Amino acid sequence: MKKSRLGKTGLMVSELGFGGIPIMQLGVNDAAEMVRYCFDRGVTFFDTANGYTTSEERIGKAIQGRRDEVVLATKTGARDKETAEEHLALSLRRMQVEHIDLWQFHNVSEFAAYEQVLGPGGALEAARDAVQAGKVGHIGISSHSMEVALAAVQSGLFETIQFPFNYVTIEAESQLVPLARSQDVGFIAMKPFGGGLLD
C-alpha cells in the first residue's frame with residue numbers, strides 16, 4: 001500500500017488508515033483478527049480514542065509483537081491537564097505500549113473547549129509534558145467545526161488535523177485541506193465512508 005508523510009510529524013503512514021470505532025461491536029478475538037487482517041494488507045496507521053470503550057484494548061492486543069511496524073494514534077476528550085494525564089495513562093495501559101505516536105484532542109468543536117485545551121492548566125500542557133517524557137511522539141486535534149479546525153491549523157500548535165471528509169461531506173476541500181497543506185499539517189480524513197453510510 002502507498003504511504004504518505006503525515007505532515008510535519010514526518011511519520012510515514014499508509015494512505016488508508018484503520019478507524020477504531022467499528023471493532024467495539026466485535027468480540028475480542030474477531031476484533032484482533034480484523035486489525036491483523038488490515039495490517040497484513042499494508043495498513044500501518046491505526047486510529048482510536050480513549051472514549052471508544054474497548055477499542056484501545058483490542059488494537060493493543062492485535063499489535064503485540066509488531067508495535068514498531070505501526071503508527072498508533074489515539075485521542076483524549078479531556079480539556080484540562082489533570083484529566084488528560086489520566087486518559088494518557090489509561091490509553092498506554094489499555095494498549096500495552098510505552099508510547100503513542102500521535103495523541104489528539106478529541107472533537108474540539110467549540111471555541112470554549114478549544115480555549116480550555118490551550119489555556120493555563122489545559123490539556124495541551126499535559127501533551128507537551130508527555131512529549132518531553134517520551135510517552136507521546138506528536139500532538140494533533142480533531143474537530144467537527146470548520147472554524148475551530150481552521151484556527152487550530154493556523155495556530156501552529158498542532159501537527160495534524162482530523163476532520164470529516166468523504167464523497168458527501170466535502171466541506172474541508174475548499175479551505176481546510178489547502179491550508180493544512182500550506183502549513184505542513186497532516187490532514188486525517190475522518191469518516192471517509194460516512195460512518196458506514198457510504199457503501
# chains A, B, ... in the order shown; residues from 1 in each chain; ligands from 1
call {"tool": "select_by_dssp", "arguments": {"residues": "segment 12-170 of chain A", "states": "strand (DSSP E)", "output": "PyMOL selection string"}}
result
chain A and resi 12-14+18-19+45-47+71-76+100-105+136-142+160-164
call {"tool": "closest_residue", "arguments": {"among": "A:Val28, A:Ile161, A:Ala49, A:Leu6", "to": "Leu90 of chain A", "atoms": "only C-alpha atoms"}}
result
A:Ala49
call {"tool": "residues_around", "arguments": {"residues": "Tyr114 of chain A", "least_positions_apart": "4", "cutoff": "12 Å", "atoms": "only C-alpha atoms", "output": "list in words"}}
result
Gly77, Ala78, Arg79, Asp80, Phe105, His106, Asn107, Val108, Ser109, Glu110, Leu118, Gly119, Gly122, Ala123, Leu124, Ile141, Ser142, Ser143, Ser145, Glu147, Val148, Ala149, Leu150, Ala151, Ala152, Ser155 and Leu157 of chain A
call {"tool": "residues_around", "arguments": {"residues": "Gln64 of chain A", "least_positions_apart": "5", "cutoff": "9 Å", "atoms": "only C-alpha atoms", "output": "JSON list (two decimals) with C-alpha atoms, in the first residue's frame"}}
result
[["chain", "number", "residue", "atom", "x", "y", "z"],
["A", 59, "ILE", "CA", -5.95, -2.74, 18.94],
["A", 95, "MET", "CA", -2.83, -0.75, 24.52],
["A", 96, "GLN", "CA", 0.11, -2.23, 26.44],
["A", 97, "VAL", "CA", 2.56, 0.22, 24.89]]
call {"tool": "closest_residue", "arguments": {"among": "A:Lys3, A:Glu56, A:Leu88, A:Met146", "to": "Ser174 of chain A", "atoms": "only C-alpha atoms"}}
result
A:Met146
call {"tool": "residues_around", "arguments": {"residues": "Gly137 of chain A", "least_positions_apart": "5", "cutoff": "8 Å", "atoms": "only C-alpha atoms", "output": "number ranges by chain"}}
result
A: 99-103, 131
call {"tool": "atom_distance", "arguments": {"atom1": "atom CA of Ser182 of chain A", "atom2": "atom CA of Arg5 of chain A"}}
result
14.1 Å
call {"tool": "select_by_dssp", "arguments": {"residues": "segment 26-147 of chain A", "states": "alpha helix (DSSP H)", "output": "ChimeraX atom specification"}}
result
/A:28-40,55-62,81-95,111-118,123-133,146-147
call {"tool": "atom_distance", "arguments": {"atom1": "atom CA of Val35 of chain A", "atom2": "atom CA of Gly140 of chain A"}}
result
22.8 Å
call {"tool": "closest_residue", "arguments": {"among": "A:Met1, A:His144, A:Glu85, A:Thr44", "to": "Asp68 of chain A", "atoms": "only C-alpha atoms"}}
result
A:Thr44
call {"tool": "closest_residue", "arguments": {"among": "A:Lys61, A:Ala89, A:Thr53, A:Phe46", "to": "Thr74 of chain A", "atoms": "only C-alpha atoms"}}
result
A:Phe46
call {"tool": "atom_distance", "arguments": {"atom1": "atom CA of Thr160 of chain A", "atom2": "atom CA of Thr83 of chain A"}}
result
21.6 Å
call {"tool": "residues_around", "arguments": {"residues": "Gly19 of chain A", "least_positions_apart": "5", "cutoff": "12 Å", "atoms": "only C-alpha atoms", "output": "PyMOL selection string"}}
result
chain A and resi 24+34-35+38+43-49+52+55-56+59+72-75+162+188-193+195-196
